[in-house]
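J.: Got a structure here, written out as structure tokens. Questions coming.
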Amino acid sequence: MCNQRLLVWEAWGPATHPPRLRRRIRDVSRLRNAVTGAAIGLGSGAVAVAVGDLVAAFTGPASAPVLAVGSAAIDLTPTPLKDWAVQHFGTHDKTVLLSGIYATLAVLAVLAGLLALRRLWAGVAVFALFAGLGMWAASSRGVALPPSAVAGLSGTAALALLVRLARPSPRPREAGEAPVSGAAPTRDPGSPTPGPPTSRLPTSEPRSSGPRTPAARGVMGRRGFLVALGATAVGVALTETAARALTTARYNVAKARAALRLPAPVTPLPPVPPSAHPPVAGLSSFTTSNSGFYRVDTALTVPQVPPSGWTLRVHGLVDRPLVLTFDQLLRRPLRELDYTLSCVSNEVGGPYVGTARWLGASLPDLLREAGVRRGAEQLVGRSAEGMTIGTPVELVLDGREALLAVGMNGEPLPTAHGFPCRSLVPGLFGYTSATKWLVDLELTTFAALDPYWVRRGWDRTGVVRTASRIEVPAPFARVPAGPVTVAGTAWATHRGVAAVELRVDGGSWQQARLAADVGPDVWRQWTWTWDAAAPGPHTLEARATDGTGAVQPETRTPPFPSGATGWHSTVVTVT
Ligand SMILES: Nc1nc2c(c(=O)[nH]1)N[C@H]1C(S)=C(S)[C@@H](COP(=O)(O)O)O[C@H]1N2
Ligand SMILES: [Mo]
């Protein structure tokens, strides 16, 4: 069966047709075969994906084959490409990746279908490759293998079934229809050994099947096949719907999050003073809303970590390893912290920075309870989905307000920002300090473990660079001559911002007015009045001085490997 050359919609005209017409008919049948193959491939590929999703509704969403492969792809993506993706697609980088995976799958599925029409085993081989890739990805991510295995099997089954149905069932030749003789037999190019010649004429049937009527074969086979294809589509839709509903019911934490009441902080912070935010249209708000907060992580779908059953393990180089439940975490004294979190991938003037009022338990206090041993250099946070983030222990214990955060701007952490618990260590970029979906803290040495980003060449410490961003006027704005309000935001988290200066067209630096200081761990907004005179384009530049007196360097460096440096500038035209 596998070796049969199959021309499904073969509707060769009787030999009495003129050659040109027969050629036309042959072209049409080739096209029909291609369409059939593609439909078979896409149909069985969709069956595989949907069944994989359904099994993953029981073994965990991350084990769904497409997600497993996507996550493995993210892990394997070289740093420059990942950086490029973050820069170009921002928070959409995952949508782009998933679309790419689905598109690749679709192409491979079409290929499998086309191959299977000629040789079933070749199509099956493509599906075996799918399944193998999925299982490899799943094992590399430490998630369950069955979804990929079952996906491969069901895709193969669907493929075989559809190919069979596309192939007409044997029908007795109608009386009076004689085999056409006189046509030159052509050997089946698909058969490896010289076998009985199969003619390309309608009456010469595949070796194993009985004779049948070409016309009846086309019409009947086609109808049955289309019905099967339609049934496949319906089945896929139902399976996928069930898979999603089950996944949501079993894993989505939205309800648990909505039901969670966070305890009040031991000593609530006063509200952020209005004087921290100059009332300039277009200037970013002082506190970033949860929905407006940038999101950067490697998780293809937002990990769903239920607070019930959540534990935080503290182990490694500690005297008293401990395991904390979520209730125990909430019973600890909770503090509030206004803190500006920023991403190492942020370009000069970029958007991957935000300020929130966080609520959480003291991380240094917990570590002291566990008893950090001499020699512990690195605190490695592990997340539920397998991220590792390493922070120098020295910095966590030097008195800064590091948190095990559970709240963000008066709500439980949003799921995308690490619900139910994440770490924050002021002064460090997110990738060395801010483990979302945190479940494990290990005290270890630097030599013992390279965390995820360090393995990819990023700096081990990740101290936030001093940054200043001109937000008003907007780039390429046109402003009338006269006084122009320039405004922006500067940060040098944990060192604080002592000064911001502006200059126009490389002239002398002028001091900006700093808004009220909320603390060294938070950004600082500023304004400056520019007496714009000469019409035409002008370049504004800003630089900040941090709390240690260090002036932001002019040299532009890219984000890799330790954060972008350089002055932000913007071009404005005076009219
Ligand atoms: N589990 C997990 N935590 C993570 C990351 C991640 O990929 N996975 N990315 C880190 C990085 S690079 C940054 S900048 C911050 C971003 O936090 P946010 O998405 O809440 O803004 O989370 C950090 N924590
Ligand atoms: Mo980041």
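Labels for the structure tokens follow display order: chains A, B, ..., residues from 1 in each chain, ligands from 1.
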Can you list, as a list in words, all residues belonging to range 256-388 of chain A that DSSP tags as helix (DSSP H, G or I)?

T.: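 Taking range 256-388 of chain A and keeping helix (DSSP H, G or I) only, one gets Ala256, Arg257, Ala258, Ala259, Pro274, Ser275, Ala276, Phe326, Asp327, Gln328, Leu329, Leu330, Arg331, Leu363, Pro364, Asp365, Leu366, Leu367, Arg368, Glu369 and Ala370 of chain A.
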
J.: Write out as a ChimeraX atom specification the residues lying within 9 Å of Ala481 in chain A, counting only C-alpha atoms and excluding same-chain residues fewer than 6 positions away.

T.: /A:531-535,574-575

J.: Which residue is closest to ligand 2? Choose from A:Ala448, A:Val296, A:Ala256, A:Leu403 and count only C-alpha atoms and all ligand atoms.

T.: A:Val296

J.: So that each row is one residue of chain A with an atom at most 9 Å from ligand 2, can you give its shortest atom pair and the distance in Å to one decimal, using only C-alpha atoms and all ligand atoms, rows by chain and rising number, as a Markdown table?

T.:
| residue | atom | partner | partner_atom_place_in_ligand_line | distance |
| --- | --- | --- | --- | --- |
| A:Arg295 | CA | ligand 2 | 1 (Mo) | 8.5 |
| A:Val296 | CA | ligand 2 | 1 (Mo) | 5.7 |
| A:Asp297 | CA | ligand 2 | 1 (Mo) | 7.1 |
| A:Ser342 | CA | ligand 2 | 1 (Mo) | 6.8 |
| A:Cys343 | CA | ligand 2 | 1 (Mo) | 3.6 |
| A:Val344 | CA | ligand 2 | 1 (Mo) | 4.9 |
| A:Ser345 | CA | ligand 2 | 1 (Mo) | 5.6 |
| A:Asn346 | CA | ligand 2 | 1 (Mo) | 7.7 |
| A:Tyr352 | CA | ligand 2 | 1 (Mo) | 7.8 |
| A:Phe429 | CA | ligand 2 | 1 (Mo) | 6.4 |
| A:Gly430 | CA | ligand 2 | 1 (Mo) | 4.9 |
| A:Tyr431 | CA | ligand 2 | 1 (Mo) | 4.8 |
| A:Thr432 | CA | ligand 2 | 1 (Mo) | 8.4 |
| A:Ala434 | CA | ligand 2 | 1 (Mo) | 8.8 |

J.: Could you save those same residues with N, CA and C atoms as a compact mmCIF listing (two decimals), in the first residue's frame?

T.:
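Result written to again_6.txt:
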# COMPACT_ATOMS: atom_id res chain seq x y z
N ARG A 295 6.54 44.06 30.22
CA ARG A 295 6.70 42.65 30.57
C ARG A 295 7.82 42.07 29.74
N VAL A 296 8.81 41.51 30.40
CA VAL A 296 9.88 40.81 29.69
C VAL A 296 10.12 39.48 30.39
N ASP A 297 9.93 38.39 29.66
CA ASP A 297 10.28 37.07 30.18
C ASP A 297 10.32 36.09 29.03
N SER A 342 13.74 47.81 36.06
CA SER A 342 14.12 48.05 34.67
C SER A 342 14.80 46.83 34.09
N CYS A 343 14.80 46.79 32.76
CA CYS A 343 15.32 45.63 32.04
C CYS A 343 16.65 45.98 31.39
N VAL A 344 17.57 45.05 31.46
CA VAL A 344 18.90 45.24 30.87
C VAL A 344 18.79 45.42 29.36
N SER A 345 17.73 44.91 28.77
CA SER A 345 17.57 45.01 27.32
C SER A 345 17.05 46.37 26.87
N ASN A 346 16.76 47.24 27.82
CA ASN A 346 16.24 48.55 27.47
C ASN A 346 17.32 49.35 26.74
N TYR A 352 11.39 49.80 28.59
CA TYR A 352 11.34 48.66 29.50
C TYR A 352 11.77 49.03 30.91
N PHE A 429 19.15 45.03 37.60
CA PHE A 429 18.22 44.78 36.51
C PHE A 429 17.37 43.55 36.83
N GLY A 430 16.23 43.45 36.16
CA GLY A 430 15.32 42.33 36.40
C GLY A 430 15.98 40.96 36.23
N TYR A 431 16.87 40.85 35.25
CA TYR A 431 17.40 39.51 34.92
C TYR A 431 18.36 38.96 35.98
N THR A 432 18.81 39.79 36.92
CA THR A 432 19.65 39.26 38.00
C THR A 432 18.97 39.41 39.36
N ALA A 434 14.88 39.67 39.75
CA ALA A 434 13.43 39.80 39.87
C ALA A 434 12.68 38.56 39.41

J.: Counting only C-alpha atoms and all ligand atoms, which residue out of A:Ala416, A:Ala138, A:Ala276, A:Ala490 sits closest to ligand 1?

T.: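 Closest candidate: A:Ala416.
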
J.: Find the residues around His417 in chain A up to 10 Å (only C-alpha atoms counted), leave out those fewer than 5 positions away in its own chain, and share them as a list in words.

T.: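 Counting only C-alpha atoms, the residues come to Asn290, Phe293, Tyr294, Arg295, Val296, Asp297, Val302, Pro303, Val406, Gly407, Met408, Pro412, Arg422, Ala434, Thr435, Lys436 and Trp437 of chain A.
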
J.: Can I get the selection written as a tab-separated table (two decimals), in the first residue's frame, with C-alpha atoms?

T.:
chain	number	residue	atom	x	y	z
A	290	ASN	CA	-0.11	47.28	36.30
A	293	PHE	CA	3.91	47.87	33.12
A	294	TYR	CA	6.43	46.42	30.66
A	295	ARG	CA	6.70	42.65	30.57
A	296	VAL	CA	9.88	40.81	29.69
A	297	ASP	CA	10.28	37.07	30.18
A	302	VAL	CA	1.96	33.06	31.29
A	303	PRO	CA	2.79	30.41	33.93
A	406	VAL	CA	3.20	39.42	46.50
A	407	GLY	CA	1.48	42.73	45.72
A	408	MET	CA	1.81	45.37	43.02
A	412	PRO	CA	-1.97	40.69	44.14
A	422	ARG	CA	8.46	37.25	42.81
A	434	ALA	CA	13.43	39.80	39.87
A	435	THR	CA	12.45	36.12	39.50
A	436	LYS	CA	8.76	35.90	38.64
A	437	TRP	CA	6.71	32.81	39.62
